[in-house]
$ cat my_file_8.txt   # compact mmCIF, N, CA and C atoms
# COMPACT_ATOMS: atom_id res chain seq x y z
N MET A 17 -45.09 29.68 -135.70
CA MET A 17 -44.56 29.32 -134.40
C MET A 17 -45.57 28.46 -133.64
N TYR A 18 -45.07 27.68 -132.74
CA TYR A 18 -45.86 26.84 -131.85
C TYR A 18 -46.70 25.84 -132.59
N GLU A 19 -46.19 25.29 -133.68
CA GLU A 19 -46.88 24.20 -134.33
C GLU A 19 -46.50 22.92 -133.61
N VAL A 20 -47.50 22.23 -133.13
CA VAL A 20 -47.27 21.02 -132.36
C VAL A 20 -47.68 19.82 -133.20
N PHE A 21 -46.78 18.86 -133.32
CA PHE A 21 -47.05 17.64 -134.06
C PHE A 21 -46.70 16.46 -133.18
N ASN A 22 -47.50 15.41 -133.26
CA ASN A 22 -47.21 14.18 -132.55
C ASN A 22 -46.67 13.19 -133.57
N VAL A 23 -45.41 12.81 -133.40
CA VAL A 23 -44.77 11.88 -134.32
C VAL A 23 -44.42 10.63 -133.51
N GLY A 24 -45.29 9.64 -133.56
CA GLY A 24 -45.09 8.46 -132.72
C GLY A 24 -45.21 8.85 -131.26
N LYS A 25 -44.16 8.59 -130.49
CA LYS A 25 -44.16 8.96 -129.08
C LYS A 25 -43.48 10.30 -128.84
N THR A 26 -43.05 10.96 -129.89
CA THR A 26 -42.32 12.21 -129.76
C THR A 26 -43.21 13.38 -130.15
N LEU A 27 -43.17 14.43 -129.37
CA LEU A 27 -43.89 15.66 -129.67
C LEU A 27 -42.91 16.64 -130.29
N LEU A 28 -43.28 17.21 -131.42
CA LEU A 28 -42.43 18.21 -132.04
C LEU A 28 -43.06 19.57 -131.81
N LEU A 29 -42.33 20.47 -131.21
CA LEU A 29 -42.77 21.85 -131.00
C LEU A 29 -41.85 22.72 -131.83
N ASP A 30 -42.41 23.41 -132.82
CA ASP A 30 -41.61 24.20 -133.76
C ASP A 30 -40.52 23.35 -134.40
N GLY A 31 -40.83 22.09 -134.69
CA GLY A 31 -39.88 21.22 -135.37
C GLY A 31 -38.85 20.58 -134.47
N GLN A 32 -38.87 20.89 -133.17
CA GLN A 32 -37.91 20.32 -132.23
C GLN A 32 -38.62 19.32 -131.32
N PRO A 33 -38.01 18.17 -131.07
CA PRO A 33 -38.65 17.21 -130.16
C PRO A 33 -38.66 17.75 -128.73
N MET A 34 -39.85 17.84 -128.14
CA MET A 34 -40.01 18.34 -126.78
C MET A 34 -41.22 17.69 -126.14
N SER A 35 -41.22 17.73 -124.83
CA SER A 35 -42.39 17.37 -124.05
C SER A 35 -42.90 18.64 -123.39
N LEU A 36 -44.11 18.57 -122.87
CA LEU A 36 -44.70 19.72 -122.20
C LEU A 36 -44.70 19.47 -120.70
N VAL A 37 -44.50 20.52 -119.91
CA VAL A 37 -44.59 20.41 -118.46
C VAL A 37 -45.28 21.67 -117.94
N THR A 38 -46.19 21.46 -117.01
CA THR A 38 -46.89 22.58 -116.37
C THR A 38 -46.13 22.98 -115.11
N PRO A 39 -46.45 24.15 -114.56
CA PRO A 39 -45.83 24.52 -113.28
C PRO A 39 -46.06 23.45 -112.21
N ALA A 40 -47.25 22.85 -112.17
CA ALA A 40 -47.51 21.78 -111.20
C ALA A 40 -46.61 20.58 -111.45
N GLY A 41 -46.31 20.30 -112.70
CA GLY A 41 -45.40 19.21 -113.03
C GLY A 41 -44.00 19.46 -112.51
N VAL A 42 -43.53 20.70 -112.65
CA VAL A 42 -42.20 21.05 -112.13
C VAL A 42 -42.21 20.97 -110.61
N GLU A 43 -43.29 21.42 -109.99
CA GLU A 43 -43.41 21.30 -108.53
C GLU A 43 -43.34 19.83 -108.11
N GLY A 44 -43.94 18.94 -108.91
CA GLY A 44 -43.87 17.51 -108.63
C GLY A 44 -42.44 17.00 -108.69
N TRP A 45 -41.67 17.48 -109.67
CA TRP A 45 -40.26 17.09 -109.74
C TRP A 45 -39.53 17.52 -108.47
N ILE A 46 -39.81 18.76 -108.04
CA ILE A 46 -39.15 19.28 -106.83
C ILE A 46 -39.53 18.42 -105.64
N ASP A 47 -40.82 18.15 -105.48
CA ASP A 47 -41.30 17.34 -104.36
C ASP A 47 -40.69 15.94 -104.36
N GLN A 48 -40.45 15.39 -105.55
CA GLN A 48 -39.91 14.03 -105.66
C GLN A 48 -38.38 14.02 -105.65
N GLY A 49 -37.77 15.18 -105.61
CA GLY A 49 -36.31 15.26 -105.60
C GLY A 49 -35.66 14.97 -106.94
N ILE A 50 -36.42 15.10 -108.02
CA ILE A 50 -35.88 14.86 -109.36
C ILE A 50 -35.02 16.05 -109.76
N LYS A 51 -33.82 15.78 -110.22
CA LYS A 51 -32.91 16.85 -110.63
C LYS A 51 -33.26 17.32 -112.03
N TYR A 52 -33.16 18.62 -112.23
CA TYR A 52 -33.44 19.20 -113.54
C TYR A 52 -32.62 20.48 -113.68
N SER A 53 -32.49 20.92 -114.90
CA SER A 53 -31.87 22.22 -115.19
C SER A 53 -32.85 22.98 -116.09
N TYR A 54 -32.61 24.24 -116.26
CA TYR A 54 -33.48 25.05 -117.11
C TYR A 54 -32.64 26.04 -117.88
N ARG A 55 -33.21 26.52 -118.96
CA ARG A 55 -32.60 27.57 -119.76
C ARG A 55 -33.72 28.31 -120.48
N TYR A 56 -33.40 29.43 -121.04
CA TYR A 56 -34.38 30.20 -121.80
C TYR A 56 -33.93 30.28 -123.25
N ASP A 57 -34.90 30.22 -124.14
CA ASP A 57 -34.60 30.55 -125.53
C ASP A 57 -35.60 31.61 -125.98
N GLN A 58 -35.25 32.28 -127.03
CA GLN A 58 -36.07 33.39 -127.50
C GLN A 58 -36.91 32.95 -128.69
N VAL A 59 -38.19 33.30 -128.63
CA VAL A 59 -39.13 32.95 -129.70
C VAL A 59 -40.04 34.15 -129.96
N ARG A 60 -40.69 34.14 -131.10
CA ARG A 60 -41.63 35.19 -131.44
C ARG A 60 -43.01 34.80 -130.93
N ASP A 61 -43.64 35.70 -130.19
CA ASP A 61 -44.99 35.47 -129.66
C ASP A 61 -45.96 35.50 -130.84
N PRO A 62 -46.71 34.41 -131.04
CA PRO A 62 -47.63 34.39 -132.18
C PRO A 62 -48.81 35.36 -132.01
N LEU A 63 -49.07 35.82 -130.79
CA LEU A 63 -50.19 36.73 -130.58
C LEU A 63 -49.86 38.18 -130.89
N ASP A 64 -48.67 38.64 -130.46
CA ASP A 64 -48.33 40.05 -130.69
C ASP A 64 -47.10 40.25 -131.58
N GLY A 65 -46.45 39.17 -131.98
CA GLY A 65 -45.31 39.26 -132.89
C GLY A 65 -44.02 39.72 -132.22
N GLN A 66 -44.03 39.97 -130.92
CA GLN A 66 -42.84 40.42 -130.21
C GLN A 66 -41.95 39.24 -129.83
N MET A 67 -40.65 39.51 -129.72
CA MET A 67 -39.73 38.49 -129.27
C MET A 67 -39.86 38.34 -127.75
N LYS A 68 -39.98 37.09 -127.29
CA LYS A 68 -40.12 36.80 -125.87
C LYS A 68 -39.28 35.58 -125.53
N TYR A 69 -39.28 35.20 -124.27
CA TYR A 69 -38.49 34.07 -123.80
C TYR A 69 -39.39 32.97 -123.29
N ARG A 70 -39.02 31.73 -123.59
CA ARG A 70 -39.72 30.58 -123.02
C ARG A 70 -38.71 29.79 -122.21
N CYS A 71 -39.20 29.08 -121.22
CA CYS A 71 -38.35 28.32 -120.32
C CYS A 71 -38.33 26.86 -120.77
N ILE A 72 -37.13 26.34 -120.94
CA ILE A 72 -36.93 24.95 -121.34
C ILE A 72 -36.27 24.22 -120.18
N TYR A 73 -36.87 23.10 -119.79
CA TYR A 73 -36.33 22.27 -118.71
C TYR A 73 -35.72 21.01 -119.27
N GLU A 74 -34.64 20.57 -118.66
CA GLU A 74 -34.06 19.27 -118.96
C GLU A 74 -34.04 18.49 -117.66
N LYS A 75 -34.68 17.34 -117.68
CA LYS A 75 -34.84 16.50 -116.49
C LYS A 75 -33.92 15.31 -116.60
N ASP A 76 -33.34 14.92 -115.45
CA ASP A 76 -32.49 13.72 -115.43
C ASP A 76 -33.24 12.53 -116.01
N ARG A 77 -32.54 11.78 -116.84
CA ARG A 77 -33.04 10.55 -117.45
C ARG A 77 -34.17 10.76 -118.46
N ALA A 78 -34.34 11.97 -118.95
CA ALA A 78 -35.34 12.22 -119.99
C ALA A 78 -34.62 12.43 -121.31
N ASP A 79 -35.18 11.88 -122.37
CA ASP A 79 -34.54 11.97 -123.68
C ASP A 79 -34.78 13.30 -124.38
N VAL A 80 -35.86 13.97 -124.04
CA VAL A 80 -36.19 15.23 -124.71
C VAL A 80 -36.40 16.33 -123.67
N PRO A 81 -36.16 17.59 -124.04
CA PRO A 81 -36.41 18.69 -123.10
C PRO A 81 -37.91 18.95 -122.96
N PHE A 82 -38.26 19.71 -121.94
CA PHE A 82 -39.64 20.06 -121.65
C PHE A 82 -39.80 21.57 -121.77
N VAL A 83 -40.91 22.00 -122.36
CA VAL A 83 -41.21 23.42 -122.43
C VAL A 83 -42.32 23.70 -121.42
N LEU A 84 -42.21 24.83 -120.71
CA LEU A 84 -43.16 25.19 -119.66
C LEU A 84 -44.44 25.74 -120.28
N VAL A 85 -45.57 25.12 -119.93
CA VAL A 85 -46.88 25.52 -120.46
C VAL A 85 -47.87 25.74 -119.31
N ASN A 86 -48.88 26.54 -119.57
CA ASN A 86 -49.98 26.69 -118.61
C ASN A 86 -50.78 25.40 -118.57
N SER A 87 -51.37 25.13 -117.44
CA SER A 87 -52.21 23.95 -117.30
C SER A 87 -53.49 24.12 -118.11
N PRO A 88 -53.83 23.16 -118.96
CA PRO A 88 -55.07 23.29 -119.73
C PRO A 88 -56.32 23.27 -118.85
N SER A 89 -56.21 22.69 -117.64
CA SER A 89 -57.39 22.64 -116.77
C SER A 89 -57.65 23.96 -116.06
N SER A 90 -56.62 24.78 -115.88
CA SER A 90 -56.82 26.06 -115.20
C SER A 90 -56.40 27.26 -116.04
N GLY A 91 -55.94 27.03 -117.24
CA GLY A 91 -55.50 28.12 -118.11
C GLY A 91 -55.75 27.75 -119.56
N ASP A 92 -54.94 28.33 -120.42
CA ASP A 92 -55.14 28.11 -121.85
C ASP A 92 -54.25 27.01 -122.44
N GLY A 93 -53.35 26.43 -121.63
CA GLY A 93 -52.49 25.36 -122.12
C GLY A 93 -51.37 25.83 -123.02
N ARG A 94 -51.22 27.14 -123.18
CA ARG A 94 -50.18 27.68 -124.07
C ARG A 94 -48.81 27.71 -123.39
N VAL A 95 -47.79 27.83 -124.22
CA VAL A 95 -46.43 27.99 -123.73
C VAL A 95 -46.37 29.30 -122.94
N ILE A 96 -45.75 29.24 -121.75
CA ILE A 96 -45.60 30.44 -120.92
C ILE A 96 -44.44 31.25 -121.49
N LEU A 97 -44.73 32.50 -121.83
CA LEU A 97 -43.71 33.38 -122.38
C LEU A 97 -43.44 34.53 -121.42
N PHE A 98 -42.17 34.93 -121.36
CA PHE A 98 -41.73 36.03 -120.51
C PHE A 98 -41.29 37.18 -121.41
N ASP A 99 -41.69 38.41 -121.05
CA ASP A 99 -41.30 39.58 -121.84
C ASP A 99 -39.80 39.82 -121.78
N GLN A 100 -39.21 39.60 -120.60
CA GLN A 100 -37.77 39.77 -120.42
C GLN A 100 -37.20 38.48 -119.85
N LYS A 101 -35.95 38.24 -120.15
CA LYS A 101 -35.32 37.02 -119.65
C LYS A 101 -35.16 37.14 -118.14
N PRO A 102 -35.81 36.25 -117.38
CA PRO A 102 -35.69 36.32 -115.93
C PRO A 102 -34.25 36.06 -115.47
N ASP A 103 -33.84 36.75 -114.40
CA ASP A 103 -32.51 36.56 -113.83
C ASP A 103 -32.44 35.30 -112.98
N GLN A 104 -33.58 34.85 -112.49
CA GLN A 104 -33.65 33.69 -111.63
C GLN A 104 -34.58 32.66 -112.26
N PRO A 105 -34.54 31.43 -111.74
CA PRO A 105 -35.49 30.44 -112.27
C PRO A 105 -36.91 30.90 -112.04
N PRO A 106 -37.83 30.51 -112.92
CA PRO A 106 -39.22 30.90 -112.69
C PRO A 106 -39.70 30.32 -111.37
N VAL A 107 -40.35 31.17 -110.60
CA VAL A 107 -40.91 30.72 -109.33
C VAL A 107 -42.25 30.09 -109.66
N ILE A 108 -42.30 28.78 -109.61
CA ILE A 108 -43.44 28.02 -110.09
C ILE A 108 -44.73 28.44 -109.41
N ARG A 109 -44.74 28.58 -108.11
CA ARG A 109 -45.97 28.92 -107.40
C ARG A 109 -46.47 30.31 -107.79
N GLN A 110 -45.60 31.20 -108.23
CA GLN A 110 -46.02 32.54 -108.65
C GLN A 110 -46.61 32.56 -110.05
N LEU A 111 -46.35 31.52 -110.85
CA LEU A 111 -46.86 31.49 -112.22
C LEU A 111 -48.34 31.17 -112.27
N ARG A 112 -48.86 30.57 -111.23
CA ARG A 112 -50.26 30.16 -111.24
C ARG A 112 -51.18 31.34 -111.09

$ encode --input "my_file_8.txt" --output "structure tokens"
Amino acid sequence: MYEVFNVGKTLLLDGQPMSLVTPAGVEGWIDQGIKYSYRYDQVRDPLDGQMKYRCIYEKDRADVPFVLVNSPSSGDGRVILFDQKPDQPPVIRQLR
């Protein structure tokens, strides 16, 4: 899980074309009025082997979806995983 490959201008995450976005990046979309949607998919956590949820964003005019990751400058840069599927969108400011 979480094998990242750069194929030209496309990033493959687990074999699927995706881009990465940090909570600050999503906040930037909100500040700029960029429309987006989100969904969760279930993946196996490579650290503990448990099934967890990751948040996938789709932004207007973007060709590939974005997966929510921690900022490499203030965290580990890994995909943010949730133990349970949240009922509401992730509150970006609370993730920091």

$ residues_around --input "my_file_8.txt" --residues "Leu84 (chain A)" --least-positions-apart "3" --cutoff "6.5 Å" --atoms "all atoms listed in the file" --output "list of chain:residue names"
A:Leu36, A:Val37, A:Thr38, A:Pro39, A:Arg70, A:Cys71, A:Ile72, A:Tyr73, A:Arg94, A:Val95, A:Ile96

$ write_last_selection --input "my_file_8.txt" --atoms "N, CA and C atoms" --output "short mmCIF file (atom, residue, chain, number, x, y, z; two decimals), keeping the file's coordinate frame"
data_model
loop_
_atom_site.label_atom_id
_atom_site.label_comp_id
_atom_site.auth_asym_id
_atom_site.auth_seq_id
_atom_site.Cartn_x
_atom_site.Cartn_y
_atom_site.Cartn_z
N LEU A 36 -44.11 18.57 -122.87
CA LEU A 36 -44.70 19.72 -122.20
C LEU A 36 -44.70 19.47 -120.70
N VAL A 37 -44.50 20.52 -119.91
CA VAL A 37 -44.59 20.41 -118.46
C VAL A 37 -45.28 21.67 -117.94
N THR A 38 -46.19 21.46 -117.01
CA THR A 38 -46.89 22.58 -116.37
C THR A 38 -46.13 22.98 -115.11
N PRO A 39 -46.45 24.15 -114.56
CA PRO A 39 -45.83 24.52 -113.28
C PRO A 39 -46.06 23.45 -112.21
N ARG A 70 -39.02 31.73 -123.59
CA ARG A 70 -39.72 30.58 -123.02
C ARG A 70 -38.71 29.79 -122.21
N CYS A 71 -39.20 29.08 -121.22
CA CYS A 71 -38.35 28.32 -120.32
C CYS A 71 -38.33 26.86 -120.77
N ILE A 72 -37.13 26.34 -120.94
CA ILE A 72 -36.93 24.95 -121.34
C ILE A 72 -36.27 24.22 -120.18
N TYR A 73 -36.87 23.10 -119.79
CA TYR A 73 -36.33 22.27 -118.71
C TYR A 73 -35.72 21.01 -119.27
N ARG A 94 -51.22 27.14 -123.18
CA ARG A 94 -50.18 27.68 -124.07
C ARG A 94 -48.81 27.71 -123.39
N VAL A 95 -47.79 27.83 -124.22
CA VAL A 95 -46.43 27.99 -123.73
C VAL A 95 -46.37 29.30 -122.94
N ILE A 96 -45.75 29.24 -121.75
CA ILE A 96 -45.60 30.44 -120.92
C ILE A 96 -44.44 31.25 -121.49
#

$ select_by_dssp --input "my_file_8.txt" --residues "region 39-95 of chain A" --states "alpha helix (DSSP H)" --output "list of chain:residue names"
A:Pro39, A:Ala40, A:Gly41, A:Val42, A:Glu43, A:Gly44, A:Trp45, A:Ile46, A:Asp47, A:Gln48

$ atom_distance --input "my_file_8.txt" --atom1 "atom N of Val42 (chain A)" --atom2 "atom N of Met67 (chain A)"
25.6 Å

$ axis_aligned_box --input "my_file_8.txt" --around "region 74-81 of chain A" --padding-each-side "5 Å" --output "JSON"
{"center_x": -35.2, "center_y": 15.6, "center_z": -120.1, "size_x": 15.4, "size_y": 20.0, "size_z": 19.3}

$ atom_distance --input "my_file_8.txt" --atom1 "atom N of Gln104 (chain A)" --atom2 "atom N of Tyr69 (chain A)"
13.1 Å

$ atom_distance --input "my_file_8.txt" --atom1 "CA of Asp99 (chain A)" --atom2 "CA of Val80 (chain A)"
25.0 Å

$ closest_residue --input "my_file_8.txt" --among "A:Asn86, A:Gln100, A:Gln32, A:Ser53" --to "Lys68 (chain A)" --atoms "all atoms listed in the file"
A:Gln100

$ residues_around --input "my_file_8.txt" --residues "Asp76 (chain A)" --least-positions-apart "2" --cutoff "8 Å" --atoms "only N, CA and C atoms" --output "ChimeraX atom specification"
/A:50-53,73-74,78-79

$ write_last_selection --input "my_file_8.txt" --atoms "N, CA and C atoms" --output "PDB file, keeping the file's coordinate frame"
ATOM      1  N   ILE A  50     -36.420  15.100-108.020  1.00  0.00           N
ATOM      2  CA  ILE A  50     -35.880  14.860-109.360  1.00  0.00           C
ATOM      3  C   ILE A  50     -35.020  16.050-109.760  1.00  0.00           C
ATOM      4  N   LYS A  51     -33.820  15.780-110.220  1.00  0.00           N
ATOM      5  CA  LYS A  51     -32.910  16.850-110.630  1.00  0.00           C
ATOM      6  C   LYS A  51     -33.260  17.320-112.030  1.00  0.00           C
ATOM      7  N   TYR A  52     -33.160  18.620-112.230  1.00  0.00           N
ATOM      8  CA  TYR A  52     -33.440  19.200-113.540  1.00  0.00           C
ATOM      9  C   TYR A  52     -32.620  20.480-113.680  1.00  0.00           C
ATOM     10  N   SER A  53     -32.490  20.920-114.900  1.00  0.00           N
ATOM     11  CA  SER A  53     -31.870  22.220-115.190  1.00  0.00           C
ATOM     12  C   SER A  53     -32.850  22.980-116.090  1.00  0.00           C
ATOM     13  N   TYR A  73     -36.870  23.100-119.790  1.00  0.00           N
ATOM     14  CA  TYR A  73     -36.330  22.270-118.710  1.00  0.00           C
ATOM     15  C   TYR A  73     -35.720  21.010-119.270  1.00  0.00           C
ATOM     16  N   GLU A  74     -34.640  20.570-118.660  1.00  0.00           N
ATOM     17  CA  GLU A  74     -34.060  19.270-118.960  1.00  0.00           C
ATOM     18  C   GLU A  74     -34.040  18.490-117.660  1.00  0.00           C
ATOM     19  N   ALA A  78     -34.340  11.970-118.950  1.00  0.00           N
ATOM     20  CA  ALA A  78     -35.340  12.220-119.990  1.00  0.00           C
ATOM     21  C   ALA A  78     -34.620  12.430-121.310  1.00  0.00           C
ATOM     22  N   ASP A  79     -35.180  11.880-122.370  1.00  0.00           N
ATOM     23  CA  ASP A  79     -34.540  11.970-123.680  1.00  0.00           C
ATOM     24  C   ASP A  79     -34.780  13.300-124.380  1.00  0.00           C
TER      25      ASP A  79
END

$ closest_residue --input "my_file_8.txt" --among "A:Gly65, A:Arg55, A:Pro33, A:Gly41" --to "Pro105 (chain A)" --atoms "only C-alpha atoms"
A:Arg55

$ closest_residue --input "my_file_8.txt" --among "A:Phe82, A:Arg77, A:Tyr56, A:Leu63" --to "Lys101 (chain A)" --atoms "all atoms listed in the file"
A:Tyr56

$ closest_residue --input "my_file_8.txt" --among "A:Ser89, A:Pro106, A:Pro81, A:Leu97" --to "Gln66 (chain A)" --atoms "only C-alpha atoms"
A:Leu97

$ closest_residue --input "my_file_8.txt" --among "A:Ala40, A:Asp64, A:Pro102, A:Asp47" --to "Ser87 (chain A)" --atoms "only C-alpha atoms"
A:Ala40
